[in-house]
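Listing of protein26.cif, mmCIF, C-alpha atoms
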```
data_final
#
loop_
_atom_site.label_atom_id
_atom_site.label_comp_id
_atom_site.auth_asym_id
_atom_site.auth_seq_id
_atom_site.Cartn_x
_atom_site.Cartn_y
_atom_site.Cartn_z
CA MET A 277 -28.09 -26.03 -24.22
CA LEU A 278 -27.28 -28.27 -21.23
CA LYS A 279 -23.58 -27.47 -21.59
CA LYS A 280 -24.37 -23.73 -21.55
CA ILE A 281 -26.44 -24.07 -18.35
CA VAL A 282 -23.66 -26.03 -16.63
CA LEU A 283 -21.06 -23.43 -17.62
CA MET A 284 -23.26 -20.61 -16.36
CA GLY A 285 -23.76 -22.44 -13.07
CA LEU A 286 -20.05 -22.97 -12.60
CA LEU A 287 -19.36 -19.32 -13.37
CA ALA A 288 -21.96 -18.20 -10.83
CA CYS A 289 -20.45 -20.48 -8.17
CA GLY A 290 -17.00 -19.12 -8.92
CA LEU A 291 -18.22 -15.53 -8.54
CA MET A 292 -19.93 -16.39 -5.27
CA TYR A 293 -16.80 -18.07 -3.97
CA ARG A 294 -14.55 -15.14 -4.93
CA GLY A 295 -17.02 -12.72 -3.37
CA HIS A 296 -16.97 -14.70 -0.12
CA ALA A 297 -13.18 -14.81 -0.11
CA ALA A 298 -12.94 -11.07 -0.66
CA SER A 299 -15.23 -10.42 2.28
CA THR A 300 -13.25 -12.58 4.71
CA VAL A 301 -9.65 -11.80 3.74
CA PRO A 302 -8.43 -8.35 4.83
CA ASP A 303 -7.49 -6.04 1.99
CA SER A 304 -3.72 -5.61 1.80
CA SER A 305 -3.91 -1.84 1.24
CA LEU A 306 -5.41 1.14 3.04
CA THR A 307 -6.03 4.69 1.87
CA VAL A 308 -4.90 7.24 4.45
CA LYS A 309 -6.82 10.52 4.31
CA LYS A 310 -5.25 13.87 5.15
CA THR A 311 -6.37 16.05 8.05
CA THR A 312 -5.53 19.25 9.87
CA ASP A 313 -3.78 18.75 13.19
CA PHE A 314 -5.85 18.23 16.35
CA LYS A 315 -5.33 17.26 19.98
CA VAL A 316 -5.78 13.62 21.01
CA ASN A 317 -7.78 12.84 24.17
CA GLY A 318 -7.92 9.03 24.27
CA GLU A 319 -11.61 9.00 23.35
CA GLY A 320 -11.44 9.70 19.62
CA THR A 321 -14.03 12.47 19.86
CA ALA A 322 -12.35 14.95 17.48
CA SER A 323 -14.54 15.69 14.46
CA ASN A 324 -11.51 14.99 12.22
CA TRP A 325 -12.04 11.26 12.74
CA SER A 326 -15.30 11.35 10.76
CA ALA A 327 -13.21 11.40 7.56
CA ALA A 328 -11.55 8.05 8.37
CA GLN A 329 -13.03 4.57 7.99
CA TRP A 330 -12.72 1.83 10.61
CA PHE A 331 -10.88 -1.36 9.69
CA ASN A 332 -10.69 -4.52 11.79
CA LEU A 333 -7.89 -6.44 13.44
CA THR A 334 -8.46 -10.18 13.76
CA VAL A 335 -6.75 -12.89 15.76
CA GLN A 336 -3.87 -14.93 14.42
CA LYS A 337 -1.50 -17.49 15.89
CA GLY A 338 1.17 -16.01 18.10
CA PRO A 339 4.75 -17.25 18.54
CA ASN A 340 4.69 -21.00 19.33
CA GLN A 341 0.90 -20.86 19.68
CA PRO A 342 -0.94 -23.94 18.34
CA ALA A 343 -4.22 -22.07 17.77
CA PRO A 344 -5.39 -18.44 17.89
CA GLY A 345 -6.79 -17.12 21.17
CA LYS A 346 -10.29 -15.79 21.80
CA GLN A 347 -11.19 -12.78 19.68
CA PHE A 348 -12.81 -9.55 20.88
CA PRO A 349 -13.92 -6.89 18.36
CA THR A 350 -10.95 -4.63 17.62
CA ARG A 351 -10.94 -1.78 15.13
CA VAL A 352 -8.61 1.01 14.01
CA LYS A 353 -8.71 4.38 12.24
CA ILE A 354 -5.74 6.29 10.78
CA LEU A 355 -5.18 9.81 9.38
CA TYR A 356 -2.16 11.91 8.46
CA SER A 357 -1.27 15.60 8.44
CA ASP A 358 1.72 17.67 7.34
CA LYS A 359 3.36 16.88 10.68
CA GLY A 360 2.60 13.24 11.40
CA MET A 361 0.12 10.36 11.61
CA TYR A 362 -2.90 9.83 13.88
CA PHE A 363 -4.11 6.45 15.13
CA LEU A 364 -7.25 5.42 17.03
CA PHE A 365 -7.66 1.88 18.42
CA ASP A 366 -10.99 0.69 19.86
CA CYS A 367 -10.58 -2.59 21.76
CA THR A 368 -13.40 -4.59 23.33
CA ASP A 369 -12.05 -6.23 26.48
CA GLN A 370 -12.95 -7.68 29.88
CA LYS A 371 -9.87 -6.91 31.97
CA LEU A 372 -6.97 -4.46 31.74
CA THR A 373 -4.04 -6.84 32.10
CA SER A 374 -1.58 -4.01 32.58
CA THR A 375 0.85 -3.65 35.49
CA ILE A 376 3.92 -2.02 33.90
CA MET A 377 4.16 1.56 35.15
CA GLU A 378 6.99 2.93 33.03
CA ASP A 379 7.64 4.07 29.49
CA PHE A 380 9.93 1.93 27.31
CA GLY A 381 9.19 -1.17 29.38
CA ALA A 382 8.37 -4.60 27.93
CA LEU A 383 4.79 -3.53 27.21
CA PHE A 384 4.25 -6.38 24.73
CA LYS A 385 4.17 -8.81 27.67
CA GLU A 386 0.80 -7.32 28.74
CA ASP A 387 -2.25 -5.81 27.02
CA VAL A 388 -1.03 -3.48 24.28
CA VAL A 389 -1.69 -2.07 20.81
CA GLU A 390 1.11 -1.64 18.28
CA VAL A 391 1.83 0.21 15.04
CA PHE A 392 4.67 -0.77 12.69
CA LEU A 393 5.56 1.74 9.93
CA TRP A 394 8.07 1.03 7.14
CA PRO A 395 8.35 4.19 5.01
CA ASP A 396 11.49 3.37 3.01
CA THR A 397 11.42 -0.20 1.72
CA SER A 398 14.96 0.12 0.34
CA VAL A 399 16.26 -0.41 3.89
CA PRO A 400 15.09 -3.04 6.45
CA ILE A 401 14.39 -0.45 9.16
CA TYR A 402 10.94 0.42 10.50
CA LEU A 403 9.27 2.19 13.41
CA GLU A 404 7.58 0.17 16.15
CA TYR A 405 5.26 2.07 18.49
CA GLU A 406 3.32 0.51 21.39
CA VAL A 407 0.96 1.93 24.00
CA SER A 408 -0.64 0.16 26.97
CA PRO A 409 -4.15 0.70 28.41
CA LEU A 410 -2.54 2.69 31.23
CA ASN A 411 -0.97 5.03 28.63
CA TYR A 412 2.66 3.93 28.90
CA GLU A 413 4.57 3.92 25.61
CA LEU A 414 7.40 2.21 23.76
CA ALA A 415 8.86 3.86 20.65
CA ILE A 416 11.79 2.26 18.82
CA LEU A 417 13.40 2.12 15.39
CA VAL A 418 14.02 -1.50 14.43
CA PRO A 419 16.83 -2.56 12.09
CA ASN A 420 15.86 -6.06 10.93
CA ILE A 421 18.85 -7.73 9.27
CA LYS A 422 18.06 -11.23 7.99
CA GLY A 423 15.52 -11.77 10.78
CA ARG A 424 17.72 -10.35 13.51
CA ALA A 425 15.69 -7.44 14.88
CA GLN A 426 17.02 -4.96 17.44
CA GLY A 427 15.07 -1.94 18.73
CA TRP A 428 16.76 1.43 19.29
CA LYS A 429 15.22 4.13 21.49
CA PRO A 430 14.96 7.66 20.07
CA TRP A 431 17.78 10.05 20.87
CA HIS A 432 16.74 13.51 22.16
CA TYR A 433 13.10 12.49 22.62
CA ASN A 434 11.52 15.89 23.22
CA GLU A 435 8.65 18.15 22.17
CA ARG A 436 9.88 18.18 18.57
CA ASN A 437 9.54 14.44 18.00
CA ARG A 438 7.59 13.12 21.00
CA VAL A 439 4.44 11.04 20.41
CA GLN A 440 1.21 12.50 21.79
CA HIS A 441 -0.73 9.62 23.35
CA GLU A 442 -3.82 9.18 25.53
CA THR A 443 -5.95 6.19 26.53
CA SER A 444 -9.37 5.63 28.11
CA ALA A 445 -11.36 2.75 29.59
CA GLN A 446 -15.00 1.98 28.87
CA GLY A 447 -17.31 0.28 31.36
CA GLY A 448 -14.78 0.42 34.20
CA GLN A 449 -11.84 2.30 35.67
CA LYS A 450 -8.56 2.88 33.89
CA LYS A 451 -6.42 1.06 36.41
CA SER A 452 -4.35 -2.09 36.60
CA MET A 453 -6.37 -5.34 36.33
CA ALA A 454 -9.71 -3.46 36.31
CA ALA A 455 -12.83 -5.13 34.93
CA VAL A 456 -13.93 -3.19 31.83
CA GLU A 457 -15.94 -3.45 28.64
CA GLY A 458 -13.15 -2.06 26.51
CA TRP A 459 -10.39 0.50 26.12
CA LYS A 460 -9.22 3.00 23.52
CA ALA A 461 -5.81 4.34 22.52
CA GLU A 462 -5.39 7.53 20.50
CA PHE A 463 -1.99 8.84 19.48
CA PHE A 464 -0.10 11.09 17.08
CA ILE A 465 3.32 10.01 15.74
CA PRO A 466 5.29 12.97 14.32
CA PHE A 467 7.25 12.28 11.16
CA ALA A 468 10.27 13.77 12.95
CA LEU A 469 10.39 10.66 15.16
CA MET A 470 11.12 8.50 12.10
CA ASN A 471 14.23 10.39 11.05
CA PRO A 472 16.24 9.31 9.05
CA ILE A 473 13.90 6.78 7.37
CA ALA A 474 11.21 9.49 7.09
CA ASN A 475 11.02 12.96 8.55
CA THR A 476 8.61 14.79 6.27
CA ALA A 477 5.01 14.20 5.19
CA PRO A 478 4.52 11.76 2.31
CA LYS A 479 3.33 13.21 -0.99
CA PRO A 480 -0.19 12.39 -2.24
CA GLY A 481 -0.11 8.96 -3.83
CA GLU A 482 3.03 7.91 -1.96
CA LYS A 483 3.02 4.38 -0.51
CA TRP A 484 4.44 3.08 2.74
CA ARG A 485 4.32 -0.43 4.18
CA GLY A 486 2.97 -1.12 7.66
CA ASN A 487 0.98 -3.31 10.01
CA PHE A 488 -1.22 -2.93 13.08
CA TYR A 489 -1.44 -5.25 16.07
CA ARG A 490 -3.02 -5.89 19.45
CA ILE A 491 -2.09 -8.38 22.17
CA ASP A 492 -4.66 -9.28 24.82
CA TYR A 493 -3.92 -11.41 27.87
CA ASP A 494 -7.42 -12.30 29.15
CA GLY A 495 -7.00 -15.94 30.19
CA GLU A 496 -5.41 -17.19 26.98
CA THR A 497 -3.21 -14.80 25.05
CA ALA A 498 -4.70 -13.48 21.82
CA TYR A 499 -2.58 -11.89 19.08
CA TYR A 500 -4.38 -9.60 16.64
CA SER A 501 -3.17 -8.18 13.33
CA TRP A 502 -4.30 -6.39 10.19
CA GLN A 503 -2.10 -8.42 7.83
CA LYS A 504 -1.37 -11.92 9.08
CA THR A 505 2.17 -13.03 9.87
CA GLY A 506 3.62 -16.44 10.62
CA GLY A 507 3.69 -15.64 14.33
CA SER A 508 6.27 -12.89 14.71
CA PHE A 509 5.03 -9.32 14.30
CA HIS A 510 8.44 -8.51 12.81
CA GLU A 511 7.83 -10.28 9.49
CA PHE A 512 7.95 -6.96 7.68
CA GLN A 513 7.75 -8.48 4.19
CA LYS A 514 4.14 -9.40 5.05
CA PHE A 515 3.15 -5.82 5.96
CA GLY A 516 0.30 -4.22 4.04
CA THR A 517 0.45 -1.02 1.97
CA LEU A 518 -0.60 2.45 3.12
CA ILE A 519 -1.55 4.82 0.29
CA PHE A 520 -1.57 8.50 1.24
CA GLU A 521 -4.42 10.42 -0.35
#
```
Go ahead and express the file in the form of structure tokens.
Amino acid sequence: MLKKIVLMGLLACGLMYRGHAASTVPDSSLTVKKTTDFKVNGEGTASNWSAAQWFNLTVQKGPNQPAPGKQFPTRVKILYSDKGMYFLFDCTDQKLTSTIMEDFGALFKEDVVEVFLWPDTSVPIYLEYEVSPLNYELAILVPNIKGRAQGWKPWHYNERNRVQHETSAQGGQKKSMAAVEGWKAEFFIPFALMNPIANTAPKPGEKWRGNFYRIDYDGETAYYSWQKTGGSFHEFQKFGTLIFE
């Protein structure tokens, strides 16, 4: 009888431990729901977003960083249509550390959110897309050969394959170094931009790999991610899985 009680107690503790672990470790897969196309406004007010669930980004160590920086609540929603994918980032913040006033600049050196999409895992090439609080963008295809990553800008970037992107500030003005309570980024990446690694909508049940990031430069730099890496955001083998519904 005593042995049975002890075994039951150990089993209960094990279940509690596993339950705690599951609640603190981000799931490595996301289901992406389908939507009709809509216009982004930087606020995420389209009714289409009600079909998507928020998921969180949490801080991790950055390159050569001994400990993670301070964390602000950061959450993301994603959807897809026949033409492309929609993303909504909601970032709590205190200051818009953003001075770069050009597209395709080194946006990652200031406040930014980033999406990495790896549709075809048979080749080490993925899309990296970044947008700053001031609504400047960086879109590149990245060949990553044995850890050597090089970004290539899109050729003939026009209405057919251009990303639709808008941002907004909460609790302050959307201007360089403004004091705020947060900012949002909403954007639509057409599948045509990912040609040749992907240029059509995925079929229901199809799986891609990907990851989602934020960098915040309030005082100490904080690097956020969905799936944790060893420091570099380009560790594509650690990306999570996107399952298209």
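Residue neighbourhood of Pro430 in chain A, excluding near-sequence residues (fewer than 3 positions): Phe380, Leu403, Glu404, Tyr405, Leu414, Ala415, Ile416, Leu417, Val418, Gly427, Tyr433, Asn434, Arg436, Asn437, Arg438, Val439, Ala468, Leu469, Met470, Asn471 and Pro472 of chain A, at 12 Å, using only C-alpha atoms.
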>> What's around Pro480 in chain A at 10 Å? Count all atoms listed in the file, leave out sequence neighbours fewer than 2 positions away in its own chain, and write the answer as a PyMOL selection string.
In response: chain A and resi 308-310+477-478+482-483+519-521
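The shell of residues at most 9 Å from Gly507 in chain A, with all atoms listed in the file counted and near chain neighbours (fewer than 3 positions) removed, consists of A:Gln336, A:Lys337, A:Gly338, A:Pro339, A:Asn340, A:Gln341, A:Tyr499, A:Lys504, A:His510, A:Glu511.
One distance worth recording is that between CA of Glu462 in chain A and CA of Phe392 in chain A, which is 15.2 Å.
Between CA of Trp502 in chain A and CA of Asn332 in chain A there is a distance of 6.8 Å.
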